[in-house]
Amino acid sequence: MSVQERKQRERAERERLIVATARELAEQQGWDAVTTRRLAERIEYSQPVLYSHFRGKREIIGAVALEGAAEMAIALRAATSAADGPRTRVTALARAYLDFAARNPAVYDALFQLDGGLAFAQEDTPEPLKDAFAALLESLGEVAGDGVHPGLFTEVFWAALHGLATLTRAGRLLPEDAARRVELLVDRLAMV
């Protein structure tokens, strides 16, 4: 291995450490606790080293969001791959999405609540974000209905899931009705 290859590998490892540490800190204490100073202390590198990887917190949030989008796509596809038939697939997708949001609140915030400097629904949207949307579209597109654009239907269903995830996390919805909400969403919006 050349010196250049070793330096590139070390740089990539430091970057993964910064992202993992930011994510861990955000999950434990919230995104307000994630500062470049605190990250530098935790990873035992100076702030200039951290800034050589990321220009600031916004880019770190973006990196966490991209990692989270890839994980979400994997979780959604895993949940739907074993499902038999459109109704079962859409129900599995909804449950997996809500479960991901509940298990990973800081990542979910990085994806959908905070400014990570990422473009959504545009030509320059990063591939992990496109793939996470594609994971939704794969199951929802087949139930969009006649005359309804599958992408538009997926956006509306996704918005409903996001609302459920956000309101549930904020304690605005009764937890005992969670399963019934998913069933209602699938029955009335997806009509499968």
# chains A, B, ... in the order shown; residues from 1 in each chain; ligands from 1

$ residues_around --residues "A:Asp187" --least-positions-apart "6" --cutoff "10 Å" --atoms "only C-alpha atoms" --output "VMD selection string"
chain A and resid 87 90 to 91 181

$ select_by_dssp --residues "chain A" --states "helix (DSSP H, G or I)" --output "PyMOL selection string"
chain A and resi 3-29+31-33+36-43+47-53+57-81+86-103+105-112+127-143+150-169+175-190

$ write_last_selection --atoms "C-alpha atoms" --output "compact mmCIF listing (two decimals), in the first residue's frame"
# COMPACT_ATOMS: atom_id res chain seq x y z
CA VAL A 3 1.61 6.32 1.40
CA GLN A 4 -1.12 8.09 -0.56
CA GLU A 5 -3.48 5.10 -0.25
CA ARG A 6 -2.79 4.86 3.48
CA LYS A 7 -3.52 8.58 3.95
CA GLN A 8 -6.76 8.26 2.00
CA ARG A 9 -7.80 5.28 4.12
CA GLU A 10 -6.97 7.14 7.34
CA ARG A 11 -8.90 10.19 6.13
CA ALA A 12 -11.96 8.05 5.33
CA GLU A 13 -11.72 6.40 8.77
CA ARG A 14 -11.56 9.81 10.49
CA GLU A 15 -14.57 10.96 8.51
CA ARG A 16 -16.54 7.85 9.52
CA LEU A 17 -15.54 8.47 13.14
CA ILE A 18 -16.74 12.09 12.99
CA VAL A 19 -20.10 11.07 11.51
CA ALA A 20 -20.57 8.16 13.93
CA THR A 21 -19.67 10.34 16.91
CA ALA A 22 -22.01 13.14 15.79
CA ARG A 23 -24.79 10.65 15.33
CA GLU A 24 -24.20 9.06 18.74
CA LEU A 25 -24.07 12.42 20.48
CA ALA A 26 -27.24 13.60 18.70
CA GLU A 27 -29.09 10.40 19.63
CA GLN A 28 -28.03 10.75 23.27
CA GLN A 29 -28.40 14.50 23.80
CA TRP A 31 -28.54 17.95 17.83
CA ASP A 32 -28.00 21.08 19.93
CA ALA A 33 -25.31 19.15 21.81
CA THR A 36 -17.47 21.06 16.43
CA ARG A 37 -15.70 21.67 19.72
CA ARG A 38 -17.45 18.76 21.45
CA LEU A 39 -16.89 16.47 18.44
CA ALA A 40 -13.20 17.36 18.33
CA GLU A 41 -12.89 16.52 22.02
CA ARG A 42 -14.74 13.22 21.65
CA ILE A 43 -12.78 11.98 18.63
CA GLN A 47 -11.01 21.32 15.47
CA PRO A 48 -8.89 22.14 12.39
CA VAL A 49 -8.73 18.40 11.61
CA LEU A 50 -12.51 18.21 11.90
CA TYR A 51 -12.85 21.26 9.62
CA SER A 52 -10.57 19.60 7.08
CA HIS A 53 -13.36 17.02 6.64
CA LYS A 57 -22.22 21.27 11.61
CA ARG A 58 -24.47 21.63 8.55
CA GLU A 59 -22.24 19.32 6.50
CA ILE A 60 -22.03 16.85 9.38
CA ILE A 61 -25.83 16.78 9.58
CA GLY A 62 -25.86 16.15 5.81
CA ALA A 63 -23.43 13.26 6.16
CA VAL A 64 -25.58 11.71 8.92
CA ALA A 65 -28.65 12.19 6.71
CA LEU A 66 -27.03 10.43 3.77
CA GLU A 67 -25.98 7.52 5.97
CA GLY A 68 -29.47 7.38 7.44
CA ALA A 69 -31.13 7.45 4.01
CA ALA A 70 -29.10 4.43 2.96
CA GLU A 71 -30.08 2.61 6.16
CA MET A 72 -33.73 3.54 5.71
CA ALA A 73 -33.76 2.21 2.14
CA ILE A 74 -32.30 -1.09 3.34
CA ALA A 75 -34.86 -1.34 6.17
CA LEU A 76 -37.80 -0.59 3.87
CA ARG A 77 -36.70 -3.09 1.25
CA ALA A 78 -36.06 -5.75 3.88
CA ALA A 79 -39.54 -5.26 5.32
CA THR A 80 -41.29 -5.36 1.96
CA SER A 81 -39.28 -8.17 0.37
CA PRO A 86 -49.66 -5.28 -2.34
CA ARG A 87 -51.59 -4.75 0.91
CA THR A 88 -49.11 -6.69 2.99
CA ARG A 89 -46.21 -4.89 1.28
CA VAL A 90 -47.64 -1.41 1.88
CA THR A 91 -48.45 -2.25 5.51
CA ALA A 92 -44.92 -3.61 6.04
CA LEU A 93 -43.48 -0.50 4.40
CA ALA A 94 -45.49 1.83 6.66
CA ARG A 95 -44.54 -0.07 9.79
CA ALA A 96 -40.86 -0.20 8.81
CA TYR A 97 -40.81 3.52 8.08
CA LEU A 98 -42.42 4.43 11.41
CA ASP A 99 -40.16 1.98 13.25
CA PHE A 100 -37.07 3.51 11.62
CA ALA A 101 -38.19 7.00 12.64
CA ALA A 102 -38.84 5.89 16.23
CA ARG A 103 -35.56 3.97 16.59
CA PRO A 105 -34.79 10.08 16.03
CA ALA A 106 -31.58 12.06 15.47
CA VAL A 107 -31.04 10.48 12.07
CA TYR A 108 -34.67 11.12 11.18
CA ASP A 109 -34.23 14.75 12.17
CA ALA A 110 -31.08 15.00 10.06
CA LEU A 111 -32.99 13.59 7.12
CA PHE A 112 -36.21 15.58 7.35
CA GLU A 127 -28.05 9.15 -4.62
CA PRO A 128 -28.83 7.84 -1.09
CA LEU A 129 -31.82 10.21 -0.88
CA LYS A 130 -33.03 9.15 -4.32
CA ASP A 131 -32.67 5.52 -3.33
CA ALA A 132 -34.65 5.98 -0.11
CA PHE A 133 -37.48 7.52 -2.14
CA ALA A 134 -37.17 4.68 -4.67
CA ALA A 135 -37.58 2.20 -1.80
CA LEU A 136 -40.92 3.86 -1.02
CA LEU A 137 -41.95 4.07 -4.67
CA GLU A 138 -41.26 0.38 -5.32
CA SER A 139 -44.16 -0.66 -3.09
CA LEU A 140 -46.40 2.38 -3.32
CA GLY A 141 -46.25 2.84 -7.07
CA GLU A 142 -48.18 -0.37 -7.62
CA VAL A 143 -51.12 0.86 -5.52
CA PRO A 150 -46.94 6.87 -8.84
CA GLY A 151 -44.37 9.44 -7.72
CA LEU A 152 -47.05 11.88 -6.63
CA PHE A 153 -48.92 9.16 -4.76
CA THR A 154 -45.67 8.13 -3.05
CA GLU A 155 -45.06 11.73 -1.96
CA VAL A 156 -48.54 11.98 -0.42
CA PHE A 157 -48.24 8.62 1.37
CA TRP A 158 -44.75 9.55 2.57
CA ALA A 159 -46.09 12.88 3.87
CA ALA A 160 -48.74 10.98 5.84
CA LEU A 161 -46.08 8.67 7.29
CA HIS A 162 -43.90 11.64 8.17
CA GLY A 163 -46.82 13.29 9.93
CA LEU A 164 -47.52 10.14 11.92
CA ALA A 165 -43.84 9.77 12.84
CA THR A 166 -43.50 13.39 13.89
CA LEU A 167 -46.75 13.62 15.83
CA THR A 168 -46.14 10.29 17.56
CA ARG A 169 -42.66 11.34 18.64
CA PRO A 175 -49.61 5.18 21.34
CA GLU A 176 -52.27 2.47 21.65
CA ASP A 177 -53.77 3.54 18.29
CA ALA A 178 -50.52 3.24 16.30
CA ALA A 179 -51.43 -0.03 14.56
CA ARG A 180 -54.94 1.21 13.76
CA ARG A 181 -53.48 4.36 12.19
CA VAL A 182 -51.34 2.27 9.85
CA GLU A 183 -54.32 0.11 8.91
CA LEU A 184 -56.45 3.18 8.24
CA LEU A 185 -53.71 4.77 6.15
CA VAL A 186 -53.30 1.62 4.08
CA ASP A 187 -57.06 1.04 3.73
CA ARG A 188 -58.09 4.58 2.87
CA LEU A 189 -55.10 6.09 1.11
CA ALA A 190 -53.61 3.07 -0.62

$ closest_residue --among "A:Leu173, A:Met191, A:Gly85, A:Thr125" --to "A:Ala144" --atoms "only C-alpha atoms"
A:Met191

$ decode --residues "stretch 47-151 of chain A" --atoms "C-alpha atoms" --output "short mmCIF file (atom, residue, chain, number, x, y, z; two decimals), in the first residue's frame"
data_model
loop_
_atom_site.label_atom_id
_atom_site.label_comp_id
_atom_site.auth_asym_id
_atom_site.auth_seq_id
_atom_site.Cartn_x
_atom_site.Cartn_y
_atom_site.Cartn_z
CA GLN A 47 -11.01 21.32 15.47
CA PRO A 48 -8.89 22.14 12.39
CA VAL A 49 -8.73 18.40 11.61
CA LEU A 50 -12.51 18.21 11.90
CA TYR A 51 -12.85 21.26 9.62
CA SER A 52 -10.57 19.60 7.08
CA HIS A 53 -13.36 17.02 6.64
CA PHE A 54 -16.49 19.14 7.12
CA ARG A 55 -16.98 22.90 6.87
CA GLY A 56 -19.26 22.83 9.86
CA LYS A 57 -22.22 21.27 11.61
CA ARG A 58 -24.47 21.63 8.55
CA GLU A 59 -22.24 19.32 6.50
CA ILE A 60 -22.03 16.85 9.38
CA ILE A 61 -25.83 16.78 9.58
CA GLY A 62 -25.86 16.15 5.81
CA ALA A 63 -23.43 13.26 6.16
CA VAL A 64 -25.58 11.71 8.92
CA ALA A 65 -28.65 12.19 6.71
CA LEU A 66 -27.03 10.43 3.77
CA GLU A 67 -25.98 7.52 5.97
CA GLY A 68 -29.47 7.38 7.44
CA ALA A 69 -31.13 7.45 4.01
CA ALA A 70 -29.10 4.43 2.96
CA GLU A 71 -30.08 2.61 6.16
CA MET A 72 -33.73 3.54 5.71
CA ALA A 73 -33.76 2.21 2.14
CA ILE A 74 -32.30 -1.09 3.34
CA ALA A 75 -34.86 -1.34 6.17
CA LEU A 76 -37.80 -0.59 3.87
CA ARG A 77 -36.70 -3.09 1.25
CA ALA A 78 -36.06 -5.75 3.88
CA ALA A 79 -39.54 -5.26 5.32
CA THR A 80 -41.29 -5.36 1.96
CA SER A 81 -39.28 -8.17 0.37
CA ALA A 82 -40.89 -10.85 2.52
CA ALA A 83 -44.40 -9.43 2.16
CA ASP A 84 -46.91 -11.24 0.00
CA GLY A 85 -49.23 -9.06 -2.06
CA PRO A 86 -49.66 -5.28 -2.34
CA ARG A 87 -51.59 -4.75 0.91
CA THR A 88 -49.11 -6.69 2.99
CA ARG A 89 -46.21 -4.89 1.28
CA VAL A 90 -47.64 -1.41 1.88
CA THR A 91 -48.45 -2.25 5.51
CA ALA A 92 -44.92 -3.61 6.04
CA LEU A 93 -43.48 -0.50 4.40
CA ALA A 94 -45.49 1.83 6.66
CA ARG A 95 -44.54 -0.07 9.79
CA ALA A 96 -40.86 -0.20 8.81
CA TYR A 97 -40.81 3.52 8.08
CA LEU A 98 -42.42 4.43 11.41
CA ASP A 99 -40.16 1.98 13.25
CA PHE A 100 -37.07 3.51 11.62
CA ALA A 101 -38.19 7.00 12.64
CA ALA A 102 -38.84 5.89 16.23
CA ARG A 103 -35.56 3.97 16.59
CA ASN A 104 -33.39 6.69 15.01
CA PRO A 105 -34.79 10.08 16.03
CA ALA A 106 -31.58 12.06 15.47
CA VAL A 107 -31.04 10.48 12.07
CA TYR A 108 -34.67 11.12 11.18
CA ASP A 109 -34.23 14.75 12.17
CA ALA A 110 -31.08 15.00 10.06
CA LEU A 111 -32.99 13.59 7.12
CA PHE A 112 -36.21 15.58 7.35
CA GLN A 113 -36.11 18.32 9.96
CA LEU A 114 -32.66 19.92 9.91
CA ASP A 115 -30.71 21.73 7.21
CA GLY A 116 -27.97 19.41 6.08
CA GLY A 117 -27.39 21.31 2.87
CA LEU A 118 -28.87 18.51 0.77
CA ALA A 119 -31.10 18.95 -2.25
CA PHE A 120 -34.35 16.98 -2.25
CA ALA A 121 -36.46 16.24 -5.34
CA GLN A 122 -33.97 17.87 -7.70
CA GLU A 123 -31.47 16.81 -10.33
CA ASP A 124 -28.58 17.14 -7.87
CA THR A 125 -30.26 15.15 -5.11
CA PRO A 126 -27.64 12.79 -3.67
CA GLU A 127 -28.05 9.15 -4.62
CA PRO A 128 -28.83 7.84 -1.09
CA LEU A 129 -31.82 10.21 -0.88
CA LYS A 130 -33.03 9.15 -4.32
CA ASP A 131 -32.67 5.52 -3.33
CA ALA A 132 -34.65 5.98 -0.11
CA PHE A 133 -37.48 7.52 -2.14
CA ALA A 134 -37.17 4.68 -4.67
CA ALA A 135 -37.58 2.20 -1.80
CA LEU A 136 -40.92 3.86 -1.02
CA LEU A 137 -41.95 4.07 -4.67
CA GLU A 138 -41.26 0.38 -5.32
CA SER A 139 -44.16 -0.66 -3.09
CA LEU A 140 -46.40 2.38 -3.32
CA GLY A 141 -46.25 2.84 -7.07
CA GLU A 142 -48.18 -0.37 -7.62
CA VAL A 143 -51.12 0.86 -5.52
CA ALA A 144 -51.30 4.45 -6.76
CA GLY A 145 -54.47 3.81 -8.71
CA ASP A 146 -55.61 4.58 -12.21
CA GLY A 147 -54.69 8.01 -13.45
CA VAL A 148 -52.54 8.80 -10.42
CA HIS A 149 -48.84 9.41 -10.99
CA PRO A 150 -46.94 6.87 -8.84
CA GLY A 151 -44.37 9.44 -7.72
#
